[in-house]
Structure formats: C-alpha cells, structure tokens
$ cat work39.cif   # mmCIF, C-alpha atoms
data_start
#
loop_
_atom_site.group_PDB
_atom_site.id
_atom_site.type_symbol
_atom_site.label_atom_id
_atom_site.label_comp_id
_atom_site.auth_asym_id
_atom_site.auth_seq_id
_atom_site.Cartn_x
_atom_site.Cartn_y
_atom_site.Cartn_z
ATOM 1 C CA MET A 1 -6.204 8.117 -11.764
ATOM 2 C CA SER A 2 -8.089 5.010 -12.585
ATOM 3 C CA SER A 3 -8.047 2.608 -9.681
ATOM 4 C CA GLU A 4 -10.292 1.888 -6.745
ATOM 5 C CA GLY A 5 -9.294 4.034 -3.827
ATOM 6 C CA ALA A 6 -7.622 6.562 -6.086
ATOM 7 C CA PRO A 7 -7.974 10.156 -4.928
ATOM 8 C CA ASN A 8 -10.485 11.036 -7.646
ATOM 9 C CA GLY A 9 -12.796 8.205 -6.579
ATOM 10 C CA SER A 10 -12.943 6.356 -9.927
ATOM 11 C CA ARG A 11 -13.307 2.583 -9.780
ATOM 12 C CA VAL A 12 -12.154 -0.471 -11.705
ATOM 13 C CA ASP A 13 -12.384 -4.200 -11.012
ATOM 14 C CA ALA A 14 -11.192 -4.659 -7.404
ATOM 15 C CA ALA A 15 -9.468 -7.963 -8.268
ATOM 16 C CA ALA A 16 -7.229 -6.143 -10.755
ATOM 17 C CA VAL A 17 -6.131 -3.467 -8.299
ATOM 18 C CA VAL A 18 -3.275 -3.741 -5.861
ATOM 19 C CA ARG A 19 -3.942 -1.326 -3.006
ATOM 20 C CA ARG A 20 -0.940 0.188 -1.373
ATOM 21 C CA GLU A 21 -0.643 1.422 2.159
ATOM 22 C CA ARG A 22 1.744 4.124 1.000
ATOM 23 C CA LEU A 23 3.021 5.848 -2.077
ATOM 24 C CA ARG A 24 6.024 4.236 -3.706
ATOM 25 C CA PHE A 25 8.991 6.326 -4.854
ATOM 26 C CA THR A 26 9.675 5.313 -8.460
ATOM 27 C CA GLY A 27 11.970 7.898 -9.942
ATOM 28 C CA PHE A 28 13.989 11.055 -9.720
ATOM 29 C CA THR A 29 15.502 13.192 -12.451
ATOM 30 C CA LEU A 30 17.583 16.328 -12.304
ATOM 31 C CA THR A 31 18.211 18.320 -15.478
ATOM 32 C CA ARG A 32 20.595 21.257 -15.755
ATOM 33 C CA SER A 33 20.312 23.665 -18.659
ATOM 34 C CA PRO A 34 23.281 25.570 -20.127
ATOM 35 C CA SER A 35 21.777 28.781 -18.688
ATOM 36 C CA GLY A 36 22.034 27.443 -15.120
ATOM 37 C CA GLN A 37 18.398 26.434 -14.652
ATOM 38 C CA VAL A 38 17.676 23.192 -12.791
ATOM 39 C CA THR A 39 14.550 21.090 -13.136
ATOM 40 C CA CYS A 40 13.830 18.304 -10.639
ATOM 41 C CA GLU A 41 11.137 15.681 -11.119
ATOM 42 C CA VAL A 42 9.983 13.204 -8.486
ATOM 43 C CA SER A 43 7.806 10.270 -9.559
ATOM 44 C CA LEU A 44 5.589 8.371 -7.150
ATOM 45 C CA GLU A 45 3.261 5.438 -7.719
ATOM 46 C CA TRP A 46 -0.050 4.861 -5.950
ATOM 47 C CA ALA A 47 -1.169 1.778 -7.855
ATOM 48 C CA PRO A 48 0.631 -0.104 -10.628
ATOM 49 C CA GLY A 49 0.863 2.115 -13.682
ATOM 50 C CA GLU A 50 -0.404 5.260 -11.938
ATOM 51 C CA SER A 51 2.406 7.782 -11.821
ATOM 52 C CA ILE A 52 2.277 11.048 -9.907
ATOM 53 C CA VAL A 53 4.999 13.492 -10.948
ATOM 54 C CA GLY A 54 6.022 16.623 -9.075
ATOM 55 C CA ARG A 55 8.299 19.221 -10.663
ATOM 56 C CA ALA A 56 10.301 22.163 -9.364
ATOM 57 C CA GLN A 57 12.527 24.578 -11.259
ATOM 58 C CA GLY A 58 15.046 27.178 -10.213
ATOM 59 C CA GLN A 59 18.544 28.555 -10.509
ATOM 60 C CA ALA A 60 21.401 26.108 -9.927
ATOM 61 C CA SER A 61 23.272 26.333 -6.616
ATOM 62 C CA PRO A 62 24.446 23.702 -4.130
ATOM 63 C CA ALA A 63 21.901 24.618 -1.438
ATOM 64 C CA GLY A 64 19.197 25.561 -3.952
ATOM 65 C CA ASP A 65 19.416 22.223 -5.756
ATOM 66 C CA ALA A 66 18.596 20.307 -2.569
ATOM 67 C CA ARG A 67 15.658 22.628 -1.955
ATOM 68 C CA LEU A 68 14.378 21.975 -5.500
ATOM 69 C CA GLY A 69 14.527 18.211 -4.899
ATOM 70 C CA ALA A 70 12.452 18.648 -1.742
ATOM 71 C CA ASP A 71 10.006 20.989 -3.517
ATOM 72 C CA ALA A 72 9.482 18.482 -6.336
ATOM 73 C CA ALA A 73 8.575 15.787 -3.794
ATOM 74 C CA ILE A 74 6.173 18.194 -2.069
ATOM 75 C CA ARG A 75 4.480 19.015 -5.394
ATOM 76 C CA ALA A 76 3.967 15.291 -6.106
ATOM 77 C CA LEU A 77 2.422 14.779 -2.655
ATOM 78 C CA GLU A 78 0.082 17.739 -3.068
ATOM 79 C CA ILE A 79 -1.006 16.449 -6.485
ATOM 80 C CA PHE A 80 -1.757 13.077 -4.892
ATOM 81 C CA THR A 81 -3.836 14.614 -2.085
ATOM 82 C CA GLN A 82 -5.491 16.995 -4.564
ATOM 83 C CA GLY A 83 -4.527 19.883 -2.310
ATOM 84 C CA THR A 84 -6.366 18.599 0.772
ATOM 85 C CA ILE A 85 -3.001 18.382 2.528
ATOM 86 C CA THR A 86 -0.381 21.012 1.717
ATOM 87 C CA PHE A 87 3.206 21.371 2.812
ATOM 88 C CA ASP A 88 5.536 24.331 3.270
ATOM 89 C CA LEU A 89 9.229 23.609 3.176
ATOM 90 C CA VAL A 90 10.916 25.241 6.158
ATOM 91 C CA GLY A 91 14.354 24.115 5.044
ATOM 92 C CA VAL A 92 16.717 21.412 3.864
ATOM 93 C CA LYS A 93 20.120 20.829 5.404
ATOM 94 C CA VAL A 94 22.912 18.423 4.560
ATOM 95 C CA VAL A 95 24.953 17.464 7.619
ATOM 96 C CA ARG A 96 27.864 15.148 8.152
ATOM 97 C CA ALA A 97 27.122 12.630 10.914
ATOM 98 C CA PHE A 98 28.634 9.261 11.745
ATOM 99 C CA ASP A 99 30.947 9.441 8.719
ATOM 100 C CA ALA A 100 28.019 9.862 6.322
ATOM 101 C CA ASN A 101 25.999 12.639 4.701
ATOM 102 C CA VAL A 102 22.490 13.006 6.095
ATOM 103 C CA VAL A 103 19.857 15.193 4.456
ATOM 104 C CA ILE A 104 17.290 16.635 6.854
ATOM 105 C CA ALA A 105 14.041 18.246 5.675
ATOM 106 C CA SER A 106 11.741 20.320 7.862
ATOM 107 C CA LEU A 107 8.149 20.950 6.759
ATOM 108 C CA ILE A 108 4.909 22.439 7.981
ATOM 109 C CA GLN A 109 1.766 20.582 6.965
ATOM 110 C CA ARG A 110 -1.765 21.879 6.724
ATOM 111 C CA GLY A 111 -4.925 19.867 6.252
ATOM 112 C CA ASP A 112 -4.297 16.819 8.431
ATOM 113 C CA ALA A 113 -5.074 16.492 12.124
ATOM 114 C CA GLY A 114 -1.536 15.228 12.766
ATOM 115 C CA PRO A 115 1.436 17.312 13.807
ATOM 116 C CA ASP A 116 1.940 20.672 12.098
ATOM 117 C CA ARG A 117 5.728 20.374 12.070
ATOM 118 C CA LEU A 118 7.333 17.417 10.290
ATOM 119 C CA LEU A 119 10.963 16.359 10.132
ATOM 120 C CA GLY A 120 12.501 13.702 7.914
ATOM 121 C CA CYS A 121 15.986 12.552 7.108
ATOM 122 C CA TYR A 122 17.730 10.364 4.586
ATOM 123 C CA LEU A 123 21.214 8.870 4.550
ATOM 124 C CA ALA A 124 22.457 10.201 1.209
ATOM 125 C CA ASP A 125 26.040 9.306 0.484
ATOM 126 C CA GLY A 126 25.712 9.970 -3.237
ATOM 127 C CA ASP A 127 23.013 12.285 -4.552
ATOM 128 C CA MET A 128 22.075 15.028 -2.067
ATOM 129 C CA VAL A 129 19.261 16.407 -4.246
ATOM 130 C CA LYS A 130 17.545 13.019 -4.525
ATOM 131 C CA GLY A 131 18.245 12.592 -0.801
ATOM 132 C CA ALA A 132 16.309 15.804 -0.108
ATOM 133 C CA ALA A 133 13.287 14.418 -1.971
ATOM 134 C CA LEU A 134 13.478 11.179 0.002
ATOM 135 C CA ALA A 135 13.845 13.095 3.286
ATOM 136 C CA VAL A 136 10.539 14.848 2.469
ATOM 137 C CA LEU A 137 8.882 11.494 1.803
ATOM 138 C CA ASN A 138 10.201 10.147 5.111
ATOM 139 C CA ALA A 139 8.878 13.230 6.915
ATOM 140 C CA THR A 140 5.400 12.849 5.453
ATOM 141 C CA ASN A 141 4.929 9.056 5.712
ATOM 142 C CA ARG A 142 2.624 9.111 8.736
ATOM 143 C CA VAL A 143 0.491 12.013 7.514
ATOM 144 C CA LEU A 144 0.070 10.351 4.117
ATOM 145 C CA GLY A 145 -0.663 7.009 5.773
ATOM 146 C CA ASN A 146 -3.541 8.663 7.626
ATOM 147 C CA TYR A 147 -4.774 10.216 4.382
ATOM 148 C CA ILE A 148 -4.527 6.949 2.441
ATOM 149 C CA SER A 149 -6.432 5.049 5.160
ATOM 150 C CA THR A 150 -9.445 7.302 4.510
ATOM 151 C CA LEU A 151 -9.557 6.529 0.765
#
$ encode --input "work39.cif" --output "structure tokens"
Amino acid sequence: MSSEGAPNGSRVDAAAVVRRERLRFTGFTLTRSPSGQVTCEVSLEWAPGESIVGRAQGQASPAGDARLGADAAIRALEIFTQGTITFDLVGVKVVRAFDANVVIASLIQRGDAGPDRLLGCYLADGDMVKGAALAVLNATNRVLGNYISTL
C-alpha cells in the first residue's frame, strides 16, 4: 500500500491522499469451473487506487457458495489488518423475511477490544453469495472503524 495511514505505514504527499473512515466495497466476482469448483473474490478499497482482494475457493453447493462469499470478504479484511484482527466464520444463513431474502453472517473476531461475537445482515434479493460478503462487511464495520482510527 502506498498512502499515508495505510496499514504498512508508508507515506506519500498528504494533499494527494483521500483518507477514508472505512473500507469501500468495490467488487465481487464468482467463477465456476466445469469441475464444480467455485472461486469468489471480494475487492475492497482503502484509498483511491489501493485494492485489497480476498479469495476463497471450494466445491460448488448452494449453502457452500454463500460461505465462500463470506470467507472471501474475511480474507480481504485480514489482509487489510495484516492479521492483527482475525475472524472466524461461525455461519451464513439465508432467510426469507418481510417478503425479501436476508443473508445473515455470524463471526467471531480476535484482536480487537470490541465484542468477540459479530452479526451482520444484508438484504439480498438477487445474488446471495455477494450478499454473504456484504453481510460480513456489515458485521465488521465497527471493529474495522476502531482499527482504522488508530492508523
């Protein structure tokens, strides 16, 4: 990373840097191979032009795909924090509520003084796998906000 306040501590001209108070979700891809393997990638941005990409791979299945989306988001977050904060995925569940699909992600975090158990949800009418990644990001917003404030 090459901006002021970046996790590795490198610096550039402060006038050229736009500091964010949170990571920005910039992309999601899901690739299925003919052999049934699924690869999910979640892209986040800390400062303009600085992409953090988390990847997760596994066997295709309806429940497993959502878990891979959540795992990819977790990998991106752990890359950003350089392992100072880690997350374990307890589970991902898609539920029907209020005539819509809601993805709920439950995590355990280690490394921050905040709560150990985190819960996030995302209203995902279309893509449940991407919704799982966004549910993870919603669950971790406060913990990451605390981390970012120390940079």
$ resolve_selection --input "work39.cif" --expression "the PyMOL selection byres ((chain A and resi 76-82) around 9)" --output "list in words"
Ala6, Pro7, Asn8, Leu23, Glu41, Val42, Ser43, Leu44, Trp46, Ile52, Val53, Gly54, Arg55, Asp71, Ala72, Ala73, Ile74, Arg75, Gly83, Thr84, Ile85, Thr86, Phe87, Leu137, Thr140, Leu144, Tyr147 and Ile148 of chain A
$ write_last_selection --input "work39.cif" --atoms "C-alpha atoms" --output "PDB file, keeping the file's coordinate frame"
ATOM      1  CA  ALA A   6      -7.622   6.562  -6.086  1.00  0.00           C
ATOM      2  CA  PRO A   7      -7.974  10.156  -4.928  1.00  0.00           C
ATOM      3  CA  ASN A   8     -10.485  11.036  -7.646  1.00  0.00           C
ATOM      4  CA  LEU A  23       3.021   5.848  -2.077  1.00  0.00           C
ATOM      5  CA  GLU A  41      11.137  15.681 -11.119  1.00  0.00           C
ATOM      6  CA  VAL A  42       9.983  13.204  -8.486  1.00  0.00           C
ATOM      7  CA  SER A  43       7.806  10.270  -9.559  1.00  0.00           C
ATOM      8  CA  LEU A  44       5.589   8.371  -7.150  1.00  0.00           C
ATOM      9  CA  TRP A  46      -0.050   4.861  -5.950  1.00  0.00           C
ATOM     10  CA  ILE A  52       2.277  11.048  -9.907  1.00  0.00           C
ATOM     11  CA  VAL A  53       4.999  13.492 -10.948  1.00  0.00           C
ATOM     12  CA  GLY A  54       6.022  16.623  -9.075  1.00  0.00           C
ATOM     13  CA  ARG A  55       8.299  19.221 -10.663  1.00  0.00           C
ATOM     14  CA  ASP A  71      10.006  20.989  -3.517  1.00  0.00           C
ATOM     15  CA  ALA A  72       9.482  18.482  -6.336  1.00  0.00           C
ATOM     16  CA  ALA A  73       8.575  15.787  -3.794  1.00  0.00           C
ATOM     17  CA  ILE A  74       6.173  18.194  -2.069  1.00  0.00           C
ATOM     18  CA  ARG A  75       4.480  19.015  -5.394  1.00  0.00           C
ATOM     19  CA  GLY A  83      -4.527  19.883  -2.310  1.00  0.00           C
ATOM     20  CA  THR A  84      -6.366  18.599   0.772  1.00  0.00           C
ATOM     21  CA  ILE A  85      -3.001  18.382   2.528  1.00  0.00           C
ATOM     22  CA  THR A  86      -0.381  21.012   1.717  1.00  0.00           C
ATOM     23  CA  PHE A  87       3.206  21.371   2.812  1.00  0.00           C
ATOM     24  CA  LEU A 137       8.882  11.494   1.803  1.00  0.00           C
ATOM     25  CA  THR A 140       5.400  12.849   5.453  1.00  0.00           C
ATOM     26  CA  LEU A 144       0.070  10.351   4.117  1.00  0.00           C
ATOM     27  CA  TYR A 147      -4.774  10.216   4.382  1.00  0.00           C
ATOM     28  CA  ILE A 148      -4.527   6.949   2.441  1.00  0.00           C
TER      29      ILE A 148
END
$ atom_distance --input "work39.cif" --atom1 "CA of Gly111 (chain A)" --atom2 "CA of Asp88 (chain A)"
11.8 Å
$ residues_around --input "work39.cif" --residues "Gly58 (chain A)" --least-positions-apart "2" --cutoff "12 Å" --atoms "all atoms listed in the file" --output "PDB file with C-alpha atoms, in the coordinates of the input"
ATOM      1  CA  LEU A  30      17.583  16.328 -12.304  1.00  0.00           C
ATOM      2  CA  THR A  31      18.211  18.320 -15.478  1.00  0.00           C
ATOM      3  CA  ARG A  32      20.595  21.257 -15.755  1.00  0.00           C
ATOM      4  CA  SER A  33      20.312  23.665 -18.659  1.00  0.00           C
ATOM      5  CA  SER A  35      21.777  28.781 -18.688  1.00  0.00           C
ATOM      6  CA  GLY A  36      22.034  27.443 -15.120  1.00  0.00           C
ATOM      7  CA  GLN A  37      18.398  26.434 -14.652  1.00  0.00           C
ATOM      8  CA  VAL A  38      17.676  23.192 -12.791  1.00  0.00           C
ATOM      9  CA  THR A  39      14.550  21.090 -13.136  1.00  0.00           C
ATOM     10  CA  CYS A  40      13.830  18.304 -10.639  1.00  0.00           C
ATOM     11  CA  ARG A  55       8.299  19.221 -10.663  1.00  0.00           C
ATOM     12  CA  ALA A  56      10.301  22.163  -9.364  1.00  0.00           C
ATOM     13  CA  ALA A  60      21.401  26.108  -9.927  1.00  0.00           C
ATOM     14  CA  SER A  61      23.272  26.333  -6.616  1.00  0.00           C
ATOM     15  CA  PRO A  62      24.446  23.702  -4.130  1.00  0.00           C
ATOM     16  CA  ALA A  63      21.901  24.618  -1.438  1.00  0.00           C
ATOM     17  CA  GLY A  64      19.197  25.561  -3.952  1.00  0.00           C
ATOM     18  CA  ASP A  65      19.416  22.223  -5.756  1.00  0.00           C
ATOM     19  CA  ALA A  66      18.596  20.307  -2.569  1.00  0.00           C
ATOM     20  CA  ARG A  67      15.658  22.628  -1.955  1.00  0.00           C
ATOM     21  CA  LEU A  68      14.378  21.975  -5.500  1.00  0.00           C
ATOM     22  CA  GLY A  69      14.527  18.211  -4.899  1.00  0.00           C
ATOM     23  CA  ASP A  71      10.006  20.989  -3.517  1.00  0.00           C
ATOM     24  CA  ALA A  72       9.482  18.482  -6.336  1.00  0.00           C
TER      25      ALA A  72
END
$ atom_distance --input "work39.cif" --atom1 "CA of Cys121 (chain A)" --atom2 "CA of Ile108 (chain A)"
14.9 Å
$ resolve_selection --input "work39.cif" --expression "the PyMOL selection byres ((chain A and resi 124) around 9)" --output "list in words"
Val94, Ala100, Asn101, Val102, Val103, Tyr122, Leu123, Asp125, Gly126, Asp127, Met128, Val129, Lys130, Gly131 and Ala132 of chain A
$ atom_distance --input "work39.cif" --atom1 "CA of Asn146 (chain A)" --atom2 "CA of Thr26 (chain A)"
21.1 Å
$ closest_residue --input "work39.cif" --among "A:Asn138, A:Gln57, A:Thr150, A:Ser51" --to "Asp112 (chain A)" --atoms "all atoms listed in the file"
A:Thr150
$ decode --input "work39.cif" --residues "region 22-93 of chain A" --atoms "C-alpha atoms" --output "PDB file, in the first residue's frame"
ATOM      1  CA  ARG A  22     -13.941   2.831   6.298  1.00  0.00           C
ATOM      2  CA  LEU A  23     -13.079   0.383   3.589  1.00  0.00           C
ATOM      3  CA  ARG A  24     -15.128   0.680   0.429  1.00  0.00           C
ATOM      4  CA  PHE A  25     -16.566  -2.406  -1.273  1.00  0.00           C
ATOM      5  CA  THR A  26     -15.552  -2.171  -4.936  1.00  0.00           C
ATOM      6  CA  GLY A  27     -16.150  -5.543  -6.490  1.00  0.00           C
ATOM      7  CA  PHE A  28     -17.246  -9.129  -6.309  1.00  0.00           C
ATOM      8  CA  THR A  29     -16.664 -11.993  -8.712  1.00  0.00           C
ATOM      9  CA  LEU A  30     -17.778 -15.589  -8.628  1.00  0.00           C
ATOM     10  CA  THR A  31     -16.266 -18.085 -11.061  1.00  0.00           C
ATOM     11  CA  ARG A  32     -17.466 -21.653 -11.527  1.00  0.00           C
ATOM     12  CA  SER A  33     -15.235 -24.201 -13.213  1.00  0.00           C
ATOM     13  CA  PRO A  34     -16.554 -27.159 -15.242  1.00  0.00           C
ATOM     14  CA  SER A  35     -15.306 -29.469 -12.458  1.00  0.00           C
ATOM     15  CA  GLY A  36     -17.611 -27.822  -9.896  1.00  0.00           C
ATOM     16  CA  GLN A  37     -15.033 -25.617  -8.179  1.00  0.00           C
ATOM     17  CA  VAL A  38     -16.084 -22.099  -7.174  1.00  0.00           C
ATOM     18  CA  THR A  39     -13.767 -19.151  -6.681  1.00  0.00           C
ATOM     19  CA  CYS A  40     -15.039 -15.973  -5.007  1.00  0.00           C
ATOM     20  CA  GLU A  41     -13.131 -12.699  -4.964  1.00  0.00           C
ATOM     21  CA  VAL A  42     -14.041  -9.649  -2.897  1.00  0.00           C
ATOM     22  CA  SER A  43     -12.335  -6.334  -3.674  1.00  0.00           C
ATOM     23  CA  LEU A  44     -12.116  -3.504  -1.170  1.00  0.00           C
ATOM     24  CA  GLU A  45     -10.536  -0.073  -1.449  1.00  0.00           C
ATOM     25  CA  TRP A  46      -8.787   1.797   1.356  1.00  0.00           C
ATOM     26  CA  ALA A  47      -7.580   4.790  -0.638  1.00  0.00           C
ATOM     27  CA  PRO A  48      -8.111   5.581  -4.321  1.00  0.00           C
ATOM     28  CA  GLY A  49      -6.277   3.019  -6.414  1.00  0.00           C
ATOM     29  CA  GLU A  50      -5.395   0.734  -3.492  1.00  0.00           C
ATOM     30  CA  SER A  51      -7.240  -2.534  -3.925  1.00  0.00           C
ATOM     31  CA  ILE A  52      -7.368  -5.285  -1.325  1.00  0.00           C
ATOM     32  CA  VAL A  53      -8.575  -8.606  -2.730  1.00  0.00           C
ATOM     33  CA  GLY A  54      -9.674 -11.617  -0.708  1.00  0.00           C
ATOM     34  CA  ARG A  55     -10.202 -15.010  -2.342  1.00  0.00           C
ATOM     35  CA  ALA A  56     -11.872 -18.244  -1.294  1.00  0.00           C
ATOM     36  CA  GLN A  57     -12.243 -21.490  -3.218  1.00  0.00           C
ATOM     37  CA  GLY A  58     -14.295 -24.609  -2.708  1.00  0.00           C
ATOM     38  CA  GLN A  59     -16.763 -27.089  -4.115  1.00  0.00           C
ATOM     39  CA  ALA A  60     -19.987 -25.667  -5.554  1.00  0.00           C
ATOM     40  CA  SER A  61     -23.163 -26.047  -3.485  1.00  0.00           C
ATOM     41  CA  PRO A  62     -25.978 -23.640  -2.610  1.00  0.00           C
ATOM     42  CA  ALA A  63     -25.000 -23.294   1.062  1.00  0.00           C
ATOM     43  CA  GLY A  64     -21.268 -23.623   0.365  1.00  0.00           C
ATOM     44  CA  ASP A  65     -21.288 -20.819  -2.200  1.00  0.00           C
ATOM     45  CA  ALA A  66     -22.630 -18.329   0.349  1.00  0.00           C
ATOM     46  CA  ARG A  67     -19.967 -19.446   2.810  1.00  0.00           C
ATOM     47  CA  LEU A  68     -17.262 -18.892   0.163  1.00  0.00           C
ATOM     48  CA  GLY A  69     -18.526 -15.343  -0.437  1.00  0.00           C
ATOM     49  CA  ALA A  70     -18.280 -14.642   3.293  1.00  0.00           C
ATOM     50  CA  ASP A  71     -14.824 -16.261   3.503  1.00  0.00           C
ATOM     51  CA  ALA A  72     -13.527 -14.126   0.628  1.00  0.00           C
ATOM     52  CA  ALA A  73     -14.647 -10.966   2.448  1.00  0.00           C
ATOM     53  CA  ILE A  74     -12.970 -12.191   5.647  1.00  0.00           C
ATOM     54  CA  ARG A  75      -9.703 -12.848   3.778  1.00  0.00           C
ATOM     55  CA  ALA A  76      -9.744  -9.295   2.360  1.00  0.00           C
ATOM     56  CA  LEU A  77     -10.301  -7.842   5.843  1.00  0.00           C
ATOM     57  CA  GLU A  78      -7.480  -9.892   7.342  1.00  0.00           C
ATOM     58  CA  ILE A  79      -5.141  -8.788   4.543  1.00  0.00           C
ATOM     59  CA  PHE A  80      -6.064  -5.175   5.295  1.00  0.00           C
ATOM     60  CA  THR A  81      -5.395  -5.547   9.034  1.00  0.00           C
ATOM     61  CA  GLN A  82      -2.238  -7.560   8.306  1.00  0.00           C
ATOM     62  CA  GLY A  83      -3.533 -10.273  10.612  1.00  0.00           C
ATOM     63  CA  THR A  84      -3.830  -8.051  13.695  1.00  0.00           C
ATOM     64  CA  ILE A  85      -7.572  -8.721  13.655  1.00  0.00           C
ATOM     65  CA  THR A  86      -8.769 -12.152  12.544  1.00  0.00           C
ATOM     66  CA  PHE A  87     -12.236 -13.523  12.003  1.00  0.00           C
ATOM     67  CA  ASP A  88     -13.755 -16.996  12.194  1.00  0.00           C
ATOM     68  CA  LEU A  89     -16.954 -17.551  10.291  1.00  0.00           C
ATOM     69  CA  VAL A  90     -19.499 -19.230  12.550  1.00  0.00           C
ATOM     70  CA  GLY A  91     -22.062 -19.463   9.775  1.00  0.00           C
ATOM     71  CA  VAL A  92     -24.045 -17.875   6.976  1.00  0.00           C
ATOM     72  CA  LYS A  93     -27.792 -18.245   6.635  1.00  0.00           C
TER      73      LYS A  93
END
